[in-house]
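*Asks:* Sharing target_27.csv (CSV, C-alpha atoms and all ligand atoms) below.
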chain,number,residue,atom,x,y,z
A,1,MET,CA,-25.9,6.6,126.3
A,2,LYS,CA,-29.5,6.3,125.3
A,3,GLN,CA,-28.4,5.3,121.7
A,4,TYR,CA,-26.1,2.7,123.2
A,5,PHE,CA,-28.9,0.9,125.0
A,6,LYS,CA,-31.2,1.2,122.0
A,7,ASN,CA,-28.6,-0.5,119.7
A,8,THR,CA,-28.0,-3.3,122.4
A,9,PHE,CA,-31.7,-3.9,122.6
A,10,ASP,CA,-32.1,-4.0,118.7
A,11,ALA,CA,-29.2,-6.6,118.5
A,12,ILE,CA,-30.8,-8.8,121.2
A,13,TRP,CA,-34.2,-8.5,119.6
A,14,THR,CA,-32.9,-9.4,116.2
A,15,VAL,CA,-31.2,-12.5,117.6
A,16,LEU,CA,-34.4,-13.5,119.4
A,17,ILE,CA,-36.5,-13.1,116.1
A,18,GLY,CA,-33.9,-15.3,114.3
A,19,MET,CA,-33.9,-17.9,117.1
A,20,LYS,CA,-37.8,-17.9,117.0
A,21,ILE,CA,-37.7,-18.9,113.3
A,22,THR,CA,-35.0,-21.5,113.9
A,23,LEU,CA,-36.9,-23.0,116.8
A,24,LYS,CA,-40.1,-23.1,114.8
A,25,HIS,CA,-38.3,-25.3,112.2
A,26,VAL,CA,-37.1,-27.8,114.8
A,27,PHE,CA,-40.7,-29.0,115.1
A,28,VAL,CA,-41.5,-29.0,111.4
A,29,PRO,CA,-40.8,-32.2,109.4
A,30,SER,CA,-37.6,-32.0,107.4
A,31,VAL,CA,-37.7,-31.3,103.7
A,32,THR,CA,-34.0,-31.8,103.0
A,33,ILE,CA,-32.2,-35.2,102.6
A,34,GLN,CA,-28.7,-36.3,103.3
A,35,TYR,CA,-27.7,-36.5,99.6
A,36,PRO,CA,-25.8,-38.6,98.3
A,37,ASP,CA,-26.3,-41.0,101.2
A,38,VAL,CA,-30.1,-40.6,100.8
A,39,LYS,CA,-31.5,-40.3,97.3
A,40,PRO,CA,-35.0,-39.1,96.3
A,41,PRO,CA,-37.4,-41.6,94.6
A,42,MET,CA,-37.1,-41.4,90.8
A,43,PRO,CA,-39.9,-40.1,88.7
A,44,GLU,CA,-41.2,-42.2,85.8
A,45,ARG,CA,-39.0,-40.2,83.3
A,46,ALA,CA,-35.8,-38.7,84.4
A,47,ARG,CA,-32.5,-37.5,82.9
A,48,ASN,CA,-31.0,-41.0,83.3
A,49,ARG,CA,-28.3,-43.0,81.7
A,50,LEU,CA,-29.1,-45.6,79.0
A,51,TYR,CA,-27.8,-49.1,79.0
A,52,VAL,CA,-27.7,-51.7,76.2
A,53,ASN,CA,-27.4,-55.4,76.9
A,54,MET,CA,-25.4,-56.4,73.8
A,55,ASP,CA,-26.0,-60.1,74.4
A,56,ASP,CA,-29.6,-59.5,73.4
A,57,CYS,CA,-29.1,-56.8,70.7
A,58,ILE,CA,-29.9,-58.1,67.2
A,59,GLY,CA,-28.7,-54.9,65.5
A,60,CYS,CA,-32.1,-54.1,64.0
A,61,ASP,CA,-31.5,-50.3,64.2
A,62,GLN,CA,-35.1,-49.6,65.4
A,63,CYS,CA,-33.9,-47.7,68.4
A,64,ALA,CA,-31.6,-45.5,66.3
A,65,ARG,CA,-34.4,-44.8,63.8
A,66,ALA,CA,-36.8,-43.8,66.7
A,67,CYS,CA,-34.2,-41.4,68.2
A,68,PRO,CA,-35.3,-37.8,67.5
A,69,VAL,CA,-31.8,-36.4,67.9
A,70,ASN,CA,-29.8,-39.1,66.1
A,71,CYS,CA,-27.6,-39.8,69.0
A,72,ILE,CA,-27.4,-43.6,68.5
A,73,THR,CA,-25.0,-44.9,65.9
A,74,ILE,CA,-25.2,-48.6,64.9
A,75,GLU,CA,-23.1,-50.5,62.4
A,76,THR,CA,-23.5,-54.2,61.6
A,77,VAL,CA,-21.9,-56.9,59.5
A,78,ASN,CA,-24.0,-59.8,58.2
A,79,ALA,CA,-23.2,-63.1,59.9
A,80,THR,CA,-22.2,-66.1,57.7
A,81,PRO,CA,-23.8,-69.5,58.0
A,82,ASP,CA,-20.7,-71.0,59.6
A,83,ASP,CA,-20.2,-68.2,62.1
A,84,SER,CA,-23.5,-67.3,63.8
A,85,PRO,CA,-23.7,-64.8,66.6
A,86,GLY,CA,-26.1,-67.2,68.4
A,87,LEU,CA,-29.5,-66.5,70.1
A,88,THR,CA,-30.8,-63.9,72.4
A,89,SER,CA,-32.0,-64.8,75.9
A,90,GLN,CA,-35.5,-65.0,74.5
A,91,GLY,CA,-34.4,-67.5,71.8
A,92,LYS,CA,-34.4,-65.1,68.9
A,93,LYS,CA,-31.8,-65.9,66.2
A,94,LYS,CA,-29.2,-63.2,65.6
A,95,ALA,CA,-28.3,-62.6,62.0
A,96,LEU,CA,-26.0,-59.6,62.4
A,97,TRP,CA,-22.8,-58.9,64.2
A,98,VAL,CA,-23.1,-55.5,65.9
A,99,THR,CA,-19.7,-53.8,65.2
A,100,LYS,CA,-20.6,-50.4,66.5
A,101,PHE,CA,-23.2,-49.3,69.0
A,102,ASP,CA,-22.5,-45.7,70.3
A,103,ILE,CA,-24.9,-43.5,72.2
A,104,ASP,CA,-23.8,-39.8,72.5
A,105,ILE,CA,-25.5,-39.1,75.9
A,106,ALA,CA,-24.5,-35.4,75.6
A,107,LYS,CA,-27.0,-35.1,72.7
A,108,CYS,CA,-29.6,-37.3,74.3
A,109,CYS,CA,-32.8,-35.6,75.4
A,110,PHE,CA,-33.8,-38.5,77.7
A,111,CYS,CA,-37.1,-39.1,75.9
A,112,SER,CA,-36.9,-42.9,76.1
A,113,LEU,CA,-38.3,-43.2,72.6
A,114,CYS,CA,-35.5,-45.7,71.8
A,115,VAL,CA,-36.6,-48.0,74.6
A,116,TYR,CA,-40.1,-48.8,73.4
A,117,PRO,CA,-39.5,-50.1,69.9
A,118,CYS,CA,-36.7,-52.5,70.8
A,119,PRO,CA,-38.0,-56.1,69.9
A,120,THR,CA,-35.7,-57.8,72.5
A,121,GLU,CA,-36.1,-55.2,75.3
A,122,CYS,CA,-32.3,-54.9,75.6
A,123,ILE,CA,-32.0,-51.1,75.7
A,124,GLU,CA,-33.2,-49.5,78.9
A,125,MET,CA,-33.2,-46.3,80.9
A,126,THR,CA,-31.3,-47.0,84.1
A,127,LYS,CA,-31.7,-45.3,87.4
A,128,VAL,CA,-28.2,-43.8,87.1
A,129,TYR,CA,-28.3,-40.0,86.8
A,130,GLU,CA,-24.8,-39.0,88.1
A,131,PHE,CA,-22.6,-39.2,85.1
A,132,SER,CA,-21.0,-35.8,84.5
A,133,GLU,CA,-17.6,-35.7,82.8
A,134,PHE,CA,-14.8,-33.2,82.2
A,135,ASP,CA,-14.4,-34.3,78.6
A,136,ARG,CA,-17.4,-34.3,76.3
A,137,ASN,CA,-16.0,-37.3,74.4
A,138,ASP,CA,-16.4,-39.3,77.6
A,139,LEU,CA,-20.1,-38.9,77.2
A,140,ILE,CA,-20.1,-41.1,74.1
A,141,TYR,CA,-20.9,-44.6,75.4
A,142,ASN,CA,-19.6,-47.6,73.3
A,143,PHE,CA,-21.6,-50.7,73.9
A,144,ALA,CA,-20.2,-52.9,71.0
A,145,THR,CA,-18.2,-55.8,72.4
A,146,LEU,CA,-16.1,-56.8,69.4
A,147,ASN,CA,-12.6,-55.4,69.1
A,148,SER,CA,-11.1,-54.1,65.9
A,149,ASP,CA,-9.5,-57.4,64.9
A,150,GLU,CA,-12.7,-59.3,65.4
A,151,ILE,CA,-14.7,-56.7,63.3
A,152,ALA,CA,-12.1,-57.0,60.5
A,153,GLU,CA,-12.4,-60.8,60.6
A,154,LYS,CA,-16.2,-60.7,60.5
A,155,GLN,CA,-16.2,-58.3,57.6
A,156,GLN,CA,-13.6,-60.5,55.7
A,157,LYS,CA,-15.7,-63.6,56.3
A,158,PHE,CA,-18.8,-61.9,55.0
A,159,ASP,CA,-16.9,-60.6,51.9
A,160,VAL,CA,-15.6,-64.1,51.1
A,161,PHE,CA,-19.1,-65.6,51.7
A,162,LEU,CA,-20.6,-63.0,49.3
A,163,ALA,CA,-17.9,-63.5,46.7
A,164,GLU,CA,-18.4,-67.3,46.8
A,165,LYS,CA,-22.2,-66.9,46.6
A,166,GLU,CA,-21.8,-64.6,43.6
A,167,ALA,CA,-19.4,-67.1,41.9
A,168,ALA,CA,-21.8,-70.0,42.5
A,169,LYS,CA,-24.6,-67.9,41.1
A,170,LEU,CA,-22.6,-67.1,38.0
A,171,ALA,CA,-21.6,-70.8,37.6
A,172,ALA,CA,-25.2,-71.9,37.9
A,173,ALA,CA,-26.3,-69.3,35.3
A,174,LYS,CA,-23.5,-70.4,32.9
A,175,ALA,CA,-24.4,-74.1,33.3
A,176,LYS,CA,-28.1,-73.3,32.7
A,177,ALA,CA,-27.1,-71.4,29.5
A,178,GLU,CA,-24.9,-74.2,28.3
A,179,LYS,CA,-27.7,-76.7,28.9
A,180,ALA,CA,-30.2,-74.6,27.1
A,181,LYS,CA,-27.8,-74.3,24.1
A,182,ALA,CA,-27.2,-78.1,24.1
A,183,ASP,CA,-31.0,-78.7,24.3
A,184,ALA,CA,-31.6,-76.3,21.4
A,185,GLU,CA,-28.9,-78.0,19.3
A,186,ALA,CA,-30.2,-81.5,20.0
A,187,LYS,CA,-33.7,-80.3,19.1
A,188,ALA,CA,-32.6,-78.8,15.8
A,189,GLU,CA,-30.7,-82.0,15.0
A,190,LYS,CA,-33.7,-84.1,15.7
A,191,LYS,CA,-35.9,-81.9,13.6
A,192,GLU,CA,-33.4,-82.2,10.7
A,193,ASN,CA,-33.3,-86.0,11.0
A,194,ASP,CA,-37.1,-86.3,11.2
A,195,LYS,CA,-37.5,-84.4,7.9
A,196,PRO,CA,-39.0,-86.7,5.2
A,197,GLU,CA,-36.6,-87.4,2.3
A,198,SER,CA,-37.8,-85.8,-1.1
A,199,LYS,CA,-39.1,-88.3,-3.7
A,200,PRO,CA,-37.2,-88.4,-7.1
A,201,GLU,CA,-39.4,-87.4,-10.1
B,301,LIG,S1,-33.6,-41.3,75.1
B,301,LIG,FE1,-34.4,-40.3,73.3
B,301,LIG,S2,-32.8,-38.9,72.7
B,301,LIG,FE2,-31.9,-40.4,74.1
B,301,LIG,S3,-31.0,-42.0,72.8
B,301,LIG,FE3,-33.1,-42.6,73.4
B,301,LIG,S4,-34.4,-41.8,71.7
B,301,LIG,FE4,-32.5,-40.8,71.6
B,302,LIG,S1,-33.8,-51.8,68.9
B,302,LIG,FE1,-32.9,-53.2,70.5
B,302,LIG,S2,-32.2,-54.9,69.3
B,302,LIG,FE2,-32.6,-53.3,67.8
B,302,LIG,S3,-30.6,-52.4,67.6
B,302,LIG,FE3,-31.7,-51.2,69.1
B,302,LIG,S4,-31.0,-52.1,71.1
B,302,LIG,FE4,-30.5,-53.6,69.5
Render the structure in this file as structure tokens.
*Replies:*
Amino acid sequence: MKQYFKNTFDAIWTVLIGMKITLKHVFVPSVTIQYPDVKPPMPERARNRLYVNMDDCIGCDQCARACPVNCITIETVNATPDDSPGLTSQGKKKALWVTKFDIDIAKCCFCSLCVYPCPTECIEMTKVYEFSEFDRNDLIYNFATLNSDEIAEKQQKFDVFLAEKEAAKLAAAKAKAEKAKADAEAKAEKKENDKPESKPE
């Protein structure tokens, strides 16, 4: 009987101690937040998602070269004079078509080193940090805007432009050589004509 009352007392005492701790926290400011409805303020550097504004990208590759883990892949095709990619929002002339701009965010170490060297400030670290995926390949972000047909067309245009430039260069060199030959022949003929005739003895 005595043990029964002791166990009952222990149970009530334990509940009271628990309630004391709970009541104490009612009057302490809350340290938890109602995530995801409420989100904590972002630190200066965080494991965030990168974004590239392709309208302003000039394909200079500086971000890719600055990346310590090589997770940015950029491919470009030279623009031809009759098919310019236009200007950036800051008025800088674009000379390249960016045919591939991939960032493998699964490899990214979120260092932001790609952001600082960009001359047009078009690559940025966003505030988005919730981007988990089931498939690792879904963490490769493709920012290039041209489709495969457009890329093939740009490449073909540049190949034709290059071939025409090379042909023009060859034609100019040939014309120059022919002119030099004609000049040399004319000079030799003039020299021959200018020779004094030998006197008969
Ligand atoms: S944040 Fe760092 S690791 Fe990620 S893409 Fe930029 S340079 Fe590379
Ligand atoms: S540094 Fe900027 S402009 Fe150059 S390729 Fe990267 S994102 Fe584009």
*Asks:* For Phe131 (chain A), which of A:Leu50, A:Leu16, A:Cys57, A:Ala168 is the closest residue, counting only C-alpha atoms?
*Replies:*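 Selected residue with least distance to Phe131 (chain A): A:Leu50.
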*Asks:* Counting all atoms listed in the file, which protein, DNA or RNA residues come within 8 Å of ligand LIG 302 (chain B), given as a list in words?
*Replies:*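 With all atoms listed in the file and a cut-off of 8 Å, ligand LIG 302 (chain B) is contacted by Val52, Asn53, Met54, Asp56, Cys57, Ile58, Gly59, Cys60, Asp61, Gln62, Cys63, Ala64, Ile74, Cys114, Val115, Pro117, Cys118, Pro119, Thr120, Glu121, Cys122 and Ile123 of chain A.
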*Asks:* Between A:Gln155, A:Ser148, A:Ser112, A:Ser30, which has the minimum distance to Trp97 (chain A) (counting all atoms listed in the file)?
*Replies:*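 So, comparing all the options, the nearest one is A:Gln155.
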*Asks:* Around ligand LIG 301 (chain B), out to 10 Å and counting only C-alpha atoms and all ligand atoms, which residues are there? I want them as a PyMOL selection string.
*Replies:* chain A and resi 45-51+63-73+102-117+123-125
*Asks:* Please determine, counting all atoms listed in the file, which residue among A:Val98, A:Ala186, A:Ala175, A:Leu170 has the shortest atom-to-atom distance to Glu150 (chain A).
*Replies:* A:Val98
*Asks:* Kindly give the distance, in Å, that separates CA of Pro81 (chain A) and CA of Lys165 (chain A), rounded to a single decimal.
*Replies:*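 Straight-line distance from CA of Pro81 (chain A) to CA of Lys165 (chain A) works out to 11.8 Å.
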*Asks:* Do you have the CA of Phe134 (chain A)-CA of Pro36 (chain A) distance handy?
*Replies:*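 For CA of Phe134 (chain A) relative to CA of Pro36 (chain A), the distance reads 20.2 Å.
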*Asks:* Between A:Glu189, A:Pro29, A:Glu44, A:Thr22, which is the closest to Thr126 (chain A) once you count all atoms listed in the file?
*Replies:* A:Glu44
*Asks:* Which value, in Å to one decimal, gives the distance between CA of Ile33 (chain A) and CA of Val15 (chain A)?
*Replies:* 27.2 Å
*Asks:* How would region 28-58 of chain A look with N, CA and C atoms restored, written as a short mmCIF file (atom, residue, chain, number, x, y, z; two decimals), in the frame of the given file?
*Replies:*
data_model
loop_
_atom_site.label_atom_id
_atom_site.label_comp_id
_atom_site.auth_asym_id
_atom_site.auth_seq_id
_atom_site.Cartn_x
_atom_site.Cartn_y
_atom_site.Cartn_z
N VAL A 28 -40.89 -28.79 112.69
CA VAL A 28 -41.50 -29.00 111.40
C VAL A 28 -40.79 -30.18 110.70
N PRO A 29 -41.54 -31.11 110.04
CA PRO A 29 -40.80 -32.20 109.40
C PRO A 29 -39.80 -31.72 108.36
N SER A 30 -38.67 -32.41 108.30
CA SER A 30 -37.60 -32.00 107.40
C SER A 30 -37.90 -32.18 105.96
N VAL A 31 -37.51 -31.20 105.12
CA VAL A 31 -37.70 -31.30 103.70
C VAL A 31 -36.42 -31.61 102.95
N THR A 32 -35.31 -31.56 103.66
CA THR A 32 -34.00 -31.80 103.00
C THR A 32 -33.62 -33.28 103.27
N ILE A 33 -32.73 -33.79 102.42
CA ILE A 33 -32.20 -35.20 102.60
C ILE A 33 -30.72 -35.15 102.64
N GLN A 34 -30.13 -36.19 103.18
CA GLN A 34 -28.70 -36.30 103.30
C GLN A 34 -28.10 -36.84 102.00
N TYR A 35 -28.22 -36.08 100.90
CA TYR A 35 -27.70 -36.50 99.60
C TYR A 35 -26.14 -36.49 99.70
N PRO A 36 -25.37 -37.42 99.16
CA PRO A 36 -25.80 -38.60 98.30
C PRO A 36 -26.09 -39.85 99.12
N ASP A 37 -26.01 -39.81 100.47
CA ASP A 37 -26.30 -41.00 101.20
C ASP A 37 -27.78 -41.42 101.07
N VAL A 38 -28.64 -40.40 101.03
CA VAL A 38 -30.10 -40.60 100.80
C VAL A 38 -30.42 -40.04 99.47
N LYS A 39 -31.18 -40.80 98.67
CA LYS A 39 -31.50 -40.30 97.30
C LYS A 39 -33.04 -40.24 97.18
N PRO A 40 -33.52 -39.21 96.46
CA PRO A 40 -35.00 -39.10 96.30
C PRO A 40 -35.51 -40.18 95.38
N PRO A 41 -36.80 -40.55 95.52
CA PRO A 41 -37.40 -41.60 94.60
C PRO A 41 -37.39 -41.00 93.18
N MET A 42 -37.13 -41.89 92.19
CA MET A 42 -37.10 -41.40 90.80
C MET A 42 -38.46 -41.25 90.22
N PRO A 43 -38.67 -40.19 89.42
CA PRO A 43 -39.90 -40.10 88.70
C PRO A 43 -39.95 -41.08 87.54
N GLU A 44 -41.08 -41.21 86.87
CA GLU A 44 -41.20 -42.20 85.80
C GLU A 44 -40.16 -41.89 84.68
N ARG A 45 -40.04 -40.61 84.35
CA ARG A 45 -39.00 -40.20 83.30
C ARG A 45 -38.05 -39.26 84.00
N ALA A 46 -36.79 -39.51 83.77
CA ALA A 46 -35.80 -38.70 84.40
C ALA A 46 -34.59 -38.58 83.41
N ARG A 47 -33.65 -37.69 83.72
CA ARG A 47 -32.50 -37.50 82.90
C ARG A 47 -31.47 -38.60 83.27
N ASN A 48 -31.76 -39.83 82.86
CA ASN A 48 -31.00 -41.00 83.30
C ASN A 48 -30.06 -41.50 82.19
N ARG A 49 -29.26 -42.44 82.59
CA ARG A 49 -28.30 -43.00 81.70
C ARG A 49 -28.88 -44.26 81.01
N LEU A 50 -28.63 -44.39 79.70
CA LEU A 50 -29.10 -45.60 79.00
C LEU A 50 -28.13 -46.72 79.11
N TYR A 51 -28.66 -47.92 79.00
CA TYR A 51 -27.80 -49.10 79.00
C TYR A 51 -28.29 -50.08 77.95
N VAL A 52 -27.36 -50.73 77.26
CA VAL A 52 -27.70 -51.70 76.20
C VAL A 52 -27.09 -53.06 76.61
N ASN A 53 -27.93 -54.07 76.71
CA ASN A 53 -27.40 -55.40 76.90
C ASN A 53 -27.10 -56.02 75.56
N MET A 54 -25.82 -56.01 75.20
CA MET A 54 -25.40 -56.40 73.80
C MET A 54 -25.64 -57.90 73.58
N ASP A 55 -25.77 -58.69 74.63
CA ASP A 55 -26.00 -60.10 74.40
C ASP A 55 -27.38 -60.32 73.75
N ASP A 56 -28.29 -59.38 73.95
CA ASP A 56 -29.60 -59.50 73.40
C ASP A 56 -29.88 -58.61 72.19
N CYS A 57 -28.92 -57.76 71.85
CA CYS A 57 -29.10 -56.80 70.70
C CYS A 57 -28.98 -57.57 69.40
N ILE A 58 -29.96 -57.39 68.51
CA ILE A 58 -29.90 -58.10 67.20
C ILE A 58 -29.50 -57.08 66.09
#
